[in-house]
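*Asks:* Take this structure, written in structure tokens, and hold onto it; I'll ask about it next.
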Amino acid sequence: MTPREAQEIADQLWNDDEGGFVVQMFDLMGDYQLPSGDLTRISSYGMVKRNGTPQIVLIDSGLNDDIYNTYYRHY
């Protein structure tokens with residue numbers, strides 16, 4: 001990835017026409033009561049090209065309260 005491509009992707013995080021990726025993630029979390037666990041892990045995302053334009057996509061949002069409490073919560 002060239003520095004220009006990296007900058008374009010970084011700009012999309014905040015400045016696209018739909019409020020930016022970051023704003024959309026907060027909306028997604030609020031609309032579907034998703035905990036932030038999977039959303040804060042880089043391994044939960046991938047990159048695809050749509051109409052020749054690279055876009056970041058969420059590929060794993062499987063963490064929910066039941067899974068968190070069963071496997072990740074430390075008492």
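In the structure tokens, each chain is lettered A, B, ... as it comes, each chain's residues begin at 1, and ligands are numbered from 1 in order of appearance.
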Taking the DSSP secondary structure from the backbone, can you list the residues of stretch 24-73 of chain A that are alpha helix (DSSP H), as a PyMOL selection string?

*Replies:* chain A and resi 24-32+65-67

*Asks:* Write a file of the selected residues as an mmCIF file, in the first residue's frame, keeping C-alpha atoms.

*Replies:*
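Final file, result-v4.cif:
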data_model
loop_
_atom_site.group_PDB
_atom_site.id
_atom_site.type_symbol
_atom_site.label_atom_id
_atom_site.label_comp_id
_atom_site.auth_asym_id
_atom_site.auth_seq_id
_atom_site.Cartn_x
_atom_site.Cartn_y
_atom_site.Cartn_z
ATOM 1 C CA GLN A 24 -20.824 4.292 11.614
ATOM 2 C CA MET A 25 -19.248 1.872 14.113
ATOM 3 C CA PHE A 26 -20.624 3.871 17.045
ATOM 4 C CA ASP A 27 -24.038 3.878 15.367
ATOM 5 C CA LEU A 28 -23.810 0.106 14.823
ATOM 6 C CA MET A 29 -22.888 -0.474 18.465
ATOM 7 C CA GLY A 30 -25.795 1.662 19.658
ATOM 8 C CA ASP A 31 -28.375 0.333 17.216
ATOM 9 C CA TYR A 32 -27.632 -3.349 17.919
ATOM 10 C CA ASP A 65 -22.852 -10.699 26.457
ATOM 11 C CA ASP A 66 -23.399 -14.479 26.819
ATOM 12 C CA ILE A 67 -20.164 -15.374 25.036
#

*Asks:* Assign secondary structure with DSSP using the backbone only, and return the residues of chain A in strand (DSSP E) as number ranges by chain.

*Replies:* A: 45-50, 53-58

*Asks:* Could you list, as a VMD selection string, every residue within 12 Å of A:Ile56, counting only C-alpha atoms and ignoring same-chain residues fewer than 6 positions away?

*Replies:* chain A and resid 6 8 to 10 12 to 13 20 to 22 24 to 25 42 to 50

*Asks:* Store the residues picked out above, limited to N, CA and C atoms, as an mmCIF file, in the first residue's frame.

*Replies:*
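What follows is the written file result16.cif:
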data_model
loop_
_atom_site.group_PDB
_atom_site.id
_atom_site.type_symbol
_atom_site.label_atom_id
_atom_site.label_comp_id
_atom_site.auth_asym_id
_atom_site.auth_seq_id
_atom_site.Cartn_x
_atom_site.Cartn_y
_atom_site.Cartn_z
ATOM 1 N N ALA A 6 -2.825 4.749 1.922
ATOM 2 C CA ALA A 6 -3.027 4.673 3.370
ATOM 3 C C ALA A 6 -3.717 5.932 3.884
ATOM 4 N N GLU A 8 -5.701 7.951 2.170
ATOM 5 C CA GLU A 8 -7.080 7.949 1.693
ATOM 6 C C GLU A 8 -7.961 7.074 2.584
ATOM 7 N N ILE A 9 -7.439 5.935 2.977
ATOM 8 C CA ILE A 9 -8.198 5.048 3.858
ATOM 9 C C ILE A 9 -8.385 5.697 5.228
ATOM 10 N N ALA A 10 -7.327 6.297 5.757
ATOM 11 C CA ALA A 10 -7.441 6.983 7.049
ATOM 12 C C ALA A 10 -8.471 8.107 6.971
ATOM 13 N N GLN A 12 -11.098 8.207 5.119
ATOM 14 C CA GLN A 12 -12.420 7.602 5.080
ATOM 15 C C GLN A 12 -12.928 7.240 6.474
ATOM 16 N N LEU A 13 -12.008 6.989 7.397
ATOM 17 C CA LEU A 13 -12.427 6.646 8.751
ATOM 18 C C LEU A 13 -13.265 7.754 9.373
ATOM 19 N N GLY A 20 -18.409 8.756 8.119
ATOM 20 C CA GLY A 20 -17.128 8.124 8.390
ATOM 21 C C GLY A 20 -17.286 6.783 9.080
ATOM 22 N N PHE A 21 -16.301 5.957 8.891
ATOM 23 C CA PHE A 21 -16.312 4.600 9.425
ATOM 24 C C PHE A 21 -16.462 4.598 10.942
ATOM 25 N N VAL A 22 -15.735 5.464 11.614
ATOM 26 C CA VAL A 22 -15.776 5.499 13.078
ATOM 27 C C VAL A 22 -17.181 5.844 13.564
ATOM 28 N N GLN A 24 -19.958 5.418 11.938
ATOM 29 C CA GLN A 24 -20.824 4.292 11.614
ATOM 30 C C GLN A 24 -20.663 3.158 12.623
ATOM 31 N N MET A 25 -19.463 2.931 13.119
ATOM 32 C CA MET A 25 -19.248 1.872 14.113
ATOM 33 C C MET A 25 -19.960 2.212 15.421
ATOM 34 N N ILE A 42 -8.326 -5.448 15.652
ATOM 35 C CA ILE A 42 -7.998 -5.310 14.232
ATOM 36 C C ILE A 42 -8.308 -6.595 13.465
ATOM 37 N N SER A 43 -8.244 -7.740 14.135
ATOM 38 C CA SER A 43 -8.507 -9.018 13.469
ATOM 39 C C SER A 43 -9.979 -9.192 13.110
ATOM 40 N N SER A 44 -10.835 -8.312 13.573
ATOM 41 C CA SER A 44 -12.261 -8.384 13.247
ATOM 42 C C SER A 44 -12.599 -7.720 11.917
ATOM 43 N N TYR A 45 -11.598 -7.129 11.267
ATOM 44 C CA TYR A 45 -11.835 -6.369 10.044
ATOM 45 C C TYR A 45 -11.055 -6.956 8.876
ATOM 46 N N GLY A 46 -11.550 -6.669 7.703
ATOM 47 C CA GLY A 46 -10.871 -7.044 6.478
ATOM 48 C C GLY A 46 -10.957 -5.903 5.485
ATOM 49 N N MET A 47 -10.313 -6.099 4.340
ATOM 50 C CA MET A 47 -10.325 -5.086 3.294
ATOM 51 C C MET A 47 -10.854 -5.735 2.028
ATOM 52 N N VAL A 48 -11.798 -5.092 1.386
ATOM 53 C CA VAL A 48 -12.341 -5.559 0.113
ATOM 54 C C VAL A 48 -12.289 -4.404 -0.875
ATOM 55 N N LYS A 49 -12.418 -4.746 -2.145
ATOM 56 C CA LYS A 49 -12.564 -3.716 -3.166
ATOM 57 C C LYS A 49 -13.982 -3.776 -3.687
ATOM 58 N N ARG A 50 -14.668 -2.666 -3.628
ATOM 59 C CA ARG A 50 -16.024 -2.536 -4.161
ATOM 60 C C ARG A 50 -15.975 -1.504 -5.265
#

*Asks:* To one decimal place in Å, what is the distance between atom CA of A:Gln33 and atom CA of A:Asn64?

*Replies:*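 Rounded to one decimal, the two atoms are 8.8 Å apart.
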
*Asks:* Report, in Å to a single decimal, how far apart atom CA of A:Leu34 and atom CA of A:Ser61 are.

*Replies:* 8.0 Å

*Asks:* Choose the residue, out of A:Tyr72, A:Glu5, A:Asn51, A:Trp14, that has the smallest atom-to-atom separation from A:Asp38; count only C-alpha atoms.

*Replies:* A:Tyr72

*Asks:* Just give me the gap between atom CA of A:Ile59 and atom CA of A:Gly37 in Å, one decimal is fine.

*Replies:*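 For atom CA of A:Ile59 relative to atom CA of A:Gly37, the distance reads 13.4 Å.
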